[in-house]
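For reference, the structure discussed in these notes is given below.
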Amino acid sequence: MSHSFIKRGLAFMTSCLLVSAGIAAQPEGVRAAANIISNSTFDSSAYDWAIYTESGGSATLSTENGKLAMKISNVGSVTYAAQLYYDIVPLYQNGVYHLSYEISCSQNRFVEAMLQQNGGTYQAYTWKGLDLTSTPQKVDYTFTMTADTDIMAKFVFNCGKQEKDSALQQHTIYLDNVVLELVDDSGVKYDSFMPYEPSIMTDQVGYRPNGQKIAVFRDVTSETSFSVVNATTKQTVYTGDLYGKTQNSSANETDYLGDFSSVTTPGTYYITCGNLDPSYSFVIDDTVYDKMLDDSIRMLYLQRCGTAVQDSKFGHVACHNSMATVYGTSQKIDVSGGWHDAGDYGRYIVPAAKSIADLLFAYQKNPSLYSDSIGIPESGNGVPDILDEVRFELEWMLKMQAQNGGVYHKVSCASFPGYIMPENETDELIVTPVSTTATADFCASMAMAYEFYKDIDGGFAQTCLDAAKKAWGFLQQNPNFIFQNPAGIVTGEYGDKTDADERYWAAAQMYRATGDAAYLNALQSMSAKTGLDWATVGDYGNIALVTMNGIDTNSNVYSNAKSALLRQADSFATASKNSPYGVSINDFNWGSNMTVANAGIVLAVAYDLTGDTKYFDTAEANLHYLLGRNPNATCYVTGYGTVAPKNPHHRPSMAKNEAMIGMLVGGVNSDLEDSAAKAYLSSAPPAKCYVDNWESYSTNEITIYWNSPLTYLLALTAEAEPPVVPPVDPPVSNVTPGDVNCDGVIKIDDVVLMNRYIGEDTSIQITSDGVRNANCDGKPNVNADDASHLLSYLAGLINADQLIPAE
């Protein structure tokens, strides 16, 4: 559907306000006087109701005699240590609600009942303190929602420790006949605006001049062409045709494409198409991603733990510097330092290792991209800041190695903190047990560190290699120690099913670092593994091998690694070709943006291995998806593009009420795994299941290991971009049959170039004169006969006079 400029502006501003305020249009199915509680009489089960426990609380949920039964064995140490709740309750400002239910308890006690904010400050919109007995009491009253509209409120009963109660034994709370209905909505002002969805999608950050540039169009009715307009001069610089009509079921839309790759002049542009709204503006320039690249690394500095961070907005004093307790013991150790892993303040070895691998391989690929001046304390020390930042994480990881060589899996508090700055999380730090996944990832990381730092700081590099060897020794003596959160720990688990891929990566990096045959022998006993996720890291081993100096490229270890990468690249290229948005994934799960970036990395590595431009173009297509060419028309990197996340699930951003710049959010997740996603996205098509909401940790959280593949992908796509504009023919006055490369000499190179041309190798460049010269047997068209004819000449079987150009 087309819109006027005015309507577009109003809709866009309104949608921004709605998202920022946590307000959406009225959900389907909400009507006055209908019971909002889907399971209210508990005739068959407890579906849609659940319990939350922490701080020592323990409870189970079932039904008994047509009532909901919450059996509490321990009330814990806080009021919400044992909580019964019903999620996703839409409450509209000025709406009048009727609430009633019947409740009792097998033991006299006090509980709190409330409808509250689901996150944030957890403010109560209505609250009742209830003295429960074994006789059911009916709670029945009306209330007016005076707070701002909240469509994802939560109905809870806090059944943990209460000051009014003495010691409680095991007991059961019963609930029945729950009714919540909107009885008067005359004062409710339902918003008529849906979030604005633009009709033309591009990379909102921009493009490098020689890169492929394809826009996606939807809402097309009669339009057949599009134009690229210089945003400064308002002059049309290019007009092209729409093509590739596709029914995109994953986004529930019909899409068209428009290729404007021939626009290469640096500048700021936008795209128009008939009556559709113009696209958001974008930049074409060789340095278009440079600042974003720096910010993607500086974000890691702002995630530093255990030290003071200097920043006008997100600076803070040193945090988490207390000694940490090794779980299940009285041992205290110093594990200060490192990066906060994600939107919370835990620090985890497994995702840290992925981040380090991405960053070091990024630096290896294109070191000239990385400056010594991005604004961290080490800036100006003569070492690229990316290496300084990685070293900060490595020094923390060294503290996580136990005396026996094994590596502790993580350090965090027992539970997640509130939405506070890191220095305000002061609960006890707990170091969880050793795992072989953490140990193998640590081993690989330290082997990499030796290679990258030996010419910068030989002592530090040797310390890392010694630690890697110690970890390898532990791995040889210990089978799978697969991690699970111990009792009482609810922070990120980063568990796994196998450590085979981690061991493969460790062996590859140790062989690359040392050249020791023992590690080669270990690799020869393993099959090549795949994956660039924190849980599947085999491709880091593959990349280590195929980019290793001096490796025997005829060896099975090399060929297996290369084949594994190319198989995946072919699959990713096919998926991208079948998607109008050029994205290489079909399923959108938690952290899908990382999966997209990882696919781009594999594709770009495949380009380096083969020179086949389809891999490079597809790698760029995945980057463009992340930066705005996607069904949500969102640049998923905070602070960049016209529409970017403003409300990431990231505690410093939440505490400051402002998004930290340079963070890649998780992105589309069709599984709807948090309350915000369920509230806002229940009717969204799979490819649009993303919401910019503080509480949407399953679509809008950030992590260090989602930023790092973005950094790596930017480095890979900055190198050796293939030209997309046909080469200009050089002036050639004397056409010579057989001189395919037009260098004035006929030799075997001309046969090779001719065969690649015949084989439709798109990575080669051949001029029109070269094509003419390739016709050297006097017959039309260039084919294998011409190649055979030229070989006969080079073998002396025919003379130069028999090389005849076609008429």
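Ordering of the structure tokens sets the chain letters (A, B, ...); residue numbers start at 1 within each chain; ligands are numbered from 1 in the order shown.
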Backbone-only DSSP, helix (DSSP H, G or I) members of stretch 133-325 of chain A, as a list in words: Asp290, Lys291, Met292, Leu293, Asp294, Asp295, Ser296, Ile297, Arg298, Met299, Leu300, Tyr301 and Leu302 of chain A
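If only C-alpha atoms are the atoms counted, then among A:Ala251, A:Ala81, A:Ala599, A:Ile748 the closest residue to A:Leu794 is A:Ile748.
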message: Among stretch 307-537 of chain A, which residues does DSSP mark as strand (DSSP E) when it is run on the backbone? Keep the chain and numbering as in the structure and answer as a PyMOL selection string.
response: chain A and resi 324-326+332-333+347-348+407-408+410-412+430-431+434-435
Please, could you write that set of residues out with N, CA, C and O atoms as a compact mmCIF listing (two decimals), in the first residue's frame?
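This is the output file again.txt:
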```txt
# COMPACT_ATOMS: atom_id res chain seq x y z
N ALA A 324 35.63 -14.88 44.32
CA ALA A 324 34.51 -15.75 43.94
C ALA A 324 34.66 -17.11 44.60
O ALA A 324 35.77 -17.62 44.78
N THR A 325 33.54 -17.72 44.95
CA THR A 325 33.52 -19.02 45.60
C THR A 325 33.40 -20.12 44.55
O THR A 325 32.50 -20.08 43.71
N VAL A 326 34.29 -21.10 44.59
CA VAL A 326 34.17 -22.26 43.71
C VAL A 326 33.01 -23.09 44.20
O VAL A 326 32.96 -23.50 45.36
N LYS A 332 38.08 -19.77 47.64
CA LYS A 332 37.86 -18.46 47.05
C LYS A 332 38.98 -18.17 46.05
O LYS A 332 40.16 -18.39 46.36
N ILE A 333 38.61 -17.70 44.86
CA ILE A 333 39.63 -17.37 43.86
C ILE A 333 39.31 -16.02 43.22
O ILE A 333 38.17 -15.54 43.24
N ARG A 347 29.89 -14.02 33.20
CA ARG A 347 31.05 -14.19 32.33
C ARG A 347 31.24 -15.69 32.10
O ARG A 347 31.32 -16.46 33.05
N TYR A 348 31.30 -16.07 30.86
CA TYR A 348 31.20 -17.47 30.47
C TYR A 348 32.32 -17.82 29.48
O TYR A 348 32.50 -17.14 28.48
N VAL A 407 39.15 -26.12 33.02
CA VAL A 407 38.74 -24.72 33.04
C VAL A 407 37.31 -24.62 33.57
O VAL A 407 36.40 -25.32 33.10
N TYR A 408 37.14 -23.76 34.58
CA TYR A 408 35.81 -23.53 35.14
C TYR A 408 34.89 -22.97 34.05
O TYR A 408 35.29 -22.13 33.24
N LYS A 410 32.04 -21.06 34.14
CA LYS A 410 31.54 -19.68 34.16
C LYS A 410 31.66 -19.11 35.56
O LYS A 410 31.89 -19.83 36.55
N VAL A 411 31.47 -17.78 35.65
CA VAL A 411 31.35 -17.10 36.94
C VAL A 411 30.19 -16.12 36.83
O VAL A 411 30.07 -15.37 35.87
N SER A 412 29.31 -16.18 37.82
CA SER A 412 28.16 -15.27 37.87
C SER A 412 27.61 -15.31 39.29
O SER A 412 28.07 -16.10 40.13
N ILE A 430 29.93 -16.78 42.09
CA ILE A 430 30.10 -18.23 42.18
C ILE A 430 30.76 -18.72 40.90
O ILE A 430 30.31 -18.43 39.79
N VAL A 431 31.83 -19.47 41.05
CA VAL A 431 32.52 -20.11 39.93
C VAL A 431 32.00 -21.54 39.83
O VAL A 431 32.09 -22.30 40.80
N VAL A 434 34.33 -27.29 36.46
CA VAL A 434 35.05 -27.47 35.20
C VAL A 434 34.17 -28.23 34.21
O VAL A 434 33.42 -29.13 34.58
N SER A 435 34.27 -27.86 32.92
CA SER A 435 33.66 -28.65 31.85
C SER A 435 34.68 -28.86 30.75
O SER A 435 35.61 -28.05 30.59
```
- prompt: Looking at A:Ser368, A:Thr135, A:Thr530, A:Ser696, which one is nearest to A:Asn598, with distances taken over only C-alpha atoms?
  reply: A:Thr530
message: Residues near A:Glu393, anyone? I mean within 12 Å using only C-alpha atoms, not counting same-chain ones fewer than 2 positions away, as a VMD selection string.
response: chain A and resid 300 to 301 303 to 306 335 to 341 347 to 349 351 to 357 359 386 to 391 395 to 400 442 445 to 446 449 704
message: Please report the interatomic distance between atom CA of A:Ala522 and atom CA of A:Gln484 in Å with one decimal.
response: 27.3 Å
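Atom CA of A:Val665 lies 22.8 Å from atom CA of A:Ile151.
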task: Would you mind listing what lies within 9 Å of A:Leu681 as a ChimeraX atom specification, with only C-alpha atoms counted and same-chain residues fewer than 4 positions away left out?
output: /A:670,672,676-677,685,688-691
message: Nearest residue to A:Tyr636 out of A:Ser77, A:Asp203, A:Leu532, A:Asp241, using only C-alpha atoms?
response: A:Asp203
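Atom CA of A:Val229 lies 24.4 Å from atom CA of A:Asn622.
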- request: Tell me which protein, DNA and RNA residues are within 7 Å of A:Arg651, counting only C-alpha atoms, leaving out same-chain ones fewer than 4 positions away, and put them as number ranges by chain.
  value: A: 343-344, 419-421, 655
- request: Would you kindly return, as a list of chain:residue names, each protein, DNA or RNA residue with an atom no farther than 8 Å from any atom of A:Ala82, considering only C-alpha atoms and excluding same-chain residues fewer than 2 positions away?
  value: A:Ile51, A:Tyr52, A:Thr53, A:Glu54, A:Gly57, A:Ser58, A:Ala59, A:Ile72, A:Asn74, A:Val75, A:Gly76, A:Thr79, A:Tyr80, A:Leu84, A:Asn158, A:Cys159, A:Gly160
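With only C-alpha atoms as the atoms that count, the residue of A:Tyr270, A:Tyr85, A:Phe217, A:Phe143 with the shortest distance to A:Asn248 is A:Phe217.
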